[in-house]
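Asks: My questions will all concern the structure given below.
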Amino acid sequence: MYNGTFIRKMTRMQNVQRWDEYAPHYHDNAASHSFRVAVFSLIAAYYEEQKGRPVNLLDVLGKALFHDMNEVQTGPIMHRTKKEPTLKEHIERMERTASLGLVDLLSQSLRPDFYRFLVEAEDDSFEGRIVDGIDSFDAMLFVRREVAHGSPHFVAKLEEMKAALCDHPLESVRWLYEQVEQETDVATFIENVMRMDSVRRWKGRFNTIDDNDAIHGFRAAALGMFSGLLEQKKYNVDVDVDELVARLLCHDLVEGVTGDVLGPVKHSTAETGQAFEAYERAESEALLSLLPDYMQPAFRRYMADSKDDTYEGKLVDMMDKLDALIKMNMERKMNGAEYEVIYREQLRKVQLRYENPSMIFFLAYILHDLDYVTS
């Protein structure tokens with residue numbers, strides 16, 4: 001098993017660039033895209049359930065997060081090229097082989113779930129069709145934003161995408177498209193999600209590796225999916241994995257409004273920490289009010305109460321810190337003067353604070369493989 005290699009490849013999704021051929025104003029990558037697809041698929045799942053159509057949330061989130069992970073092996077391939085009749089079969093076979101290879105890196109206990117997430121990501125299941133539809137919806141949002149910023153390369157593409165979404169067979173996808181076109185409150189919430197790739201992290205430090213809230217949200221949620229299923233399947237821990245992953249996806253959405261304030265600033269004193277907590281909760285409630293009433297209780301857990309005293313809430317805090325450790329570890333190899341000391345401090349904090357099975361597994365196996373390439 002090469003679980004550490006799987007995690008290392010997962011972190012490389014931010015290096016898989018999208019839309020480069022069109023010279024976009026905004027840069028996009030597979031990690032940021034997968035983050036947005038997962039958040040929008042979560043919203044679509046709640047819409048479908050409200051209409052009486054049950055959805056497996058774990059499968060929707062897993063398929064959304066990992067549907068493009070094979071691109072760390074194949075590289076990005078243009079949609080037009082994928083649909084070329086003379087190439088379609090070859091590309092599909094190559095992508096399937098890449099996905100199977102990624103699944104084979106994992107422990108036996110994790111392979112059945114991740115087979116569905118990677119190999120069967122956009123299959124004919126209801127969850128697969130939701131992810132496929134939201135994949136197109138997110139592409140339309142990106143293209144729409146480019147057109148709004150005056151890019152001439154996306155105009156024809158936008159009209160083509162709008163026509164497809166307007167007549168999409170899934171009601172939730174059509175509903176989301178209508179919200180955007182009608183500029184409703186839900187559209188304002190969607191715009192906040194789109195802003196996450198503009199919220200830069202680690203400000204004030206010299207960085208060799210770009211990081212923003214969308215990339216962080218993807219890595220933390222993907223790491224949470226891996227760790228939650230590991231605890232559930234391998235160590236028989238009672239953990240609600242889809243609750244954990246949804247919280248990790250949404251825990252920083254408020255920063256689209258507030259920005260990413262440095263931790264030492266937010267927690268410089270107890271009073272300052274309480275003031276920031278109250279401010280962020282108020283802004284979270286304002287964002288929540290943009291969603292339909294029936295979605296708000298769940299998204300309140302995912303956003304305002306993401307790090308509560310439940311086991312899932314504690315795992316959110318743990319994954320948040322583990323992702324910071326992964327970022328520091330990547331930086332210190334090329335940027336030791338800036339990150340070596342804080343990496344050691346962060347490593348000591350997580351070693352002393354957490355005793356969860358997934359944390360012990362991470363420190364014993366994953367971290368070693370992130371330091372030393374094993375395959």
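As shown in the structure tokens, the chain order sets the letters A, B, ...; within each chain, residues go from 1, and ligands are also counted from 1 in the order they appear.
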List every residue of range 70-90 of chain A that has an atom at most 9 Å from any atom of range 8-28 of chain A, giving for each one its closest atom pair and the distance in Å to one decimal, counting only C-alpha atoms, sorted by chain and then by ascending residue number, as JSON lines.

Replies:
{"residue": "A:Glu71", "atom": "CA", "partner": "A:Val16", "partner_atom": "CA", "distance": 7.0}
{"residue": "A:Val72", "atom": "CA", "partner": "A:Met13", "partner_atom": "CA", "distance": 6.1}
{"residue": "A:Gln73", "atom": "CA", "partner": "A:Lys9", "partner_atom": "CA", "distance": 8.7}
{"residue": "A:Gly75", "atom": "CA", "partner": "A:Val16", "partner_atom": "CA", "distance": 6.6}
{"residue": "A:Pro76", "atom": "CA", "partner": "A:Val16", "partner_atom": "CA", "distance": 6.5}
{"residue": "A:Ile77", "atom": "CA", "partner": "A:Arg18", "partner_atom": "CA", "distance": 9.0}
{"residue": "A:Met78", "atom": "CA", "partner": "A:Trp19", "partner_atom": "CA", "distance": 8.2}

Asks: Per residue of range 234-300 of chain A within 12 Å of range 161-179 of chain A, which atom pair is closest and at what distance in Å (one decimal), using only C-alpha atoms, listed by chain and increasing number, as CSV?

Replies:
residue,atom,partner,partner_atom,distance
A:Leu290,CA,A:Gln179,CA,11.4
A:Leu291,CA,A:Gln179,CA,10.9
A:Pro292,CA,A:Gln179,CA,11.5

Asks: For the selection just defined, write its residues with N, CA, C and O atoms to a file, as a CSV table (one decimal), in the first residue's frame.

Replies:
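Written out: result-v5.csv:
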chain,number,residue,atom,x,y,z
A,290,LEU,N,-28.8,33.6,2.6
A,290,LEU,CA,-29.0,33.6,1.1
A,290,LEU,C,-29.5,32.3,0.6
A,290,LEU,O,-30.0,32.2,-0.5
A,291,LEU,N,-29.4,31.2,1.4
A,291,LEU,CA,-29.8,29.9,1.0
A,291,LEU,C,-31.3,29.6,1.3
A,291,LEU,O,-31.8,30.3,2.2
A,292,PRO,N,-31.9,28.7,0.6
A,292,PRO,CA,-33.3,28.4,0.9
A,292,PRO,C,-33.4,27.9,2.4
A,292,PRO,O,-32.5,27.3,2.9

Asks: Which is closer to Asn236 in chain A than all the others in A:Ser358, A:Glu338, A:Met69, A:Glu159, using only C-alpha atoms?

Replies: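 For Asn236 in chain A, the nearest of the candidates is A:Ser358.
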
Asks: Residues at most 12 Å from Glu355 in chain A, counting only C-alpha atoms, excluding those fewer than 6 positions away in the same chain, as number ranges by chain?

Replies: A: 314-315, 318, 349, 361-363

Asks: Keeping C-alpha atoms, export the residues of the selection given above as a CSV table (one decimal), in the first residue's frame.

Replies:
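The file below, result.csv, is the result:
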chain,number,residue,atom,x,y,z
A,314,LYS,CA,-12.8,18.0,16.3
A,315,LEU,CA,-11.7,16.2,13.1
A,318,MET,CA,-7.5,18.4,13.0
A,349,LYS,CA,1.5,20.9,18.2
A,361,PHE,CA,-1.6,6.8,10.9
A,362,PHE,CA,-0.8,10.1,9.2
A,363,LEU,CA,2.3,10.8,11.4

Asks: Would you kindly return, as JSON, numbers by chain, each protein, DNA or RNA residue with an atom no farther than 10 Å from any atom of Val254 in chain A, considering only C-alpha atoms and excluding same-chain residues fewer than 4 positions away?

Replies: {"A": [192, 193, 196, 250, 258, 259, 260, 280, 281, 282, 283, 284, 285, 286, 287, 288, 303, 304]}

Asks: For Leu65 in chain A, which of A:Leu370, A:Val245, A:Val265, A:Leu141 is the closest residue, counting only C-alpha atoms?

Replies: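 Of the candidates, the smallest distance to Leu65 in chain A is held by A:Val245.
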
Asks: A:Lys82, A:Arg111, A:Lys266, A:Arg129: which is nearest Met94 in chain A, counting only C-alpha atoms?

Replies: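 Closest residue, counting only C-alpha atoms: A:Lys82.
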
Asks: Near range 103-108 of chain A, within 7 Å and counting only C-alpha atoms, which residues show up once chain neighbours fewer than 5 positions away are dropped, as an mmCIF file with N, CA and C atoms, in the first residue's frame?

Replies:
data_model
loop_
_atom_site.group_PDB
_atom_site.id
_atom_site.type_symbol
_atom_site.label_atom_id
_atom_site.label_comp_id
_atom_site.auth_asym_id
_atom_site.auth_seq_id
_atom_site.Cartn_x
_atom_site.Cartn_y
_atom_site.Cartn_z
ATOM 1 N N MET A 1 0.843 -1.190 0.000
ATOM 2 C CA MET A 1 0.000 0.000 0.000
ATOM 3 C C MET A 1 0.881 1.245 0.000
ATOM 4 N N TYR A 2 0.430 2.252 -0.712
ATOM 5 C CA TYR A 2 1.170 3.497 -0.831
ATOM 6 C C TYR A 2 0.226 4.674 -0.563
ATOM 7 N N ASN A 3 -0.375 4.674 0.628
ATOM 8 C CA ASN A 3 -1.330 5.730 0.967
ATOM 9 C C ASN A 3 -0.684 7.109 0.890
ATOM 10 N N PHE A 6 -0.612 8.328 -2.573
ATOM 11 C CA PHE A 6 -1.945 8.813 -2.975
ATOM 12 C C PHE A 6 -2.151 10.246 -2.490
ATOM 13 N N PHE A 114 -13.187 4.414 -2.795
ATOM 14 C CA PHE A 114 -12.446 5.255 -3.727
ATOM 15 C C PHE A 114 -12.549 4.752 -5.168
ATOM 16 N N TYR A 115 -12.868 3.484 -5.359
ATOM 17 C CA TYR A 115 -13.168 2.992 -6.709
ATOM 18 C C TYR A 115 -14.396 3.732 -7.251
#

Asks: Considering only C-alpha atoms, can you say which of A:Leu347, A:Ala214, A:Ala275, A:Val180 comes closest to Met328 in chain A?

Replies: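 Nearest candidate to Met328 in chain A out of A:Leu347, A:Ala214, A:Ala275, A:Val180: A:Leu347.
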
Asks: Could you tell me how far CA of Leu223 in chain A sits from CA of Glu312 in chain A, in Å to one decimal place?

Replies: 13.4 Å
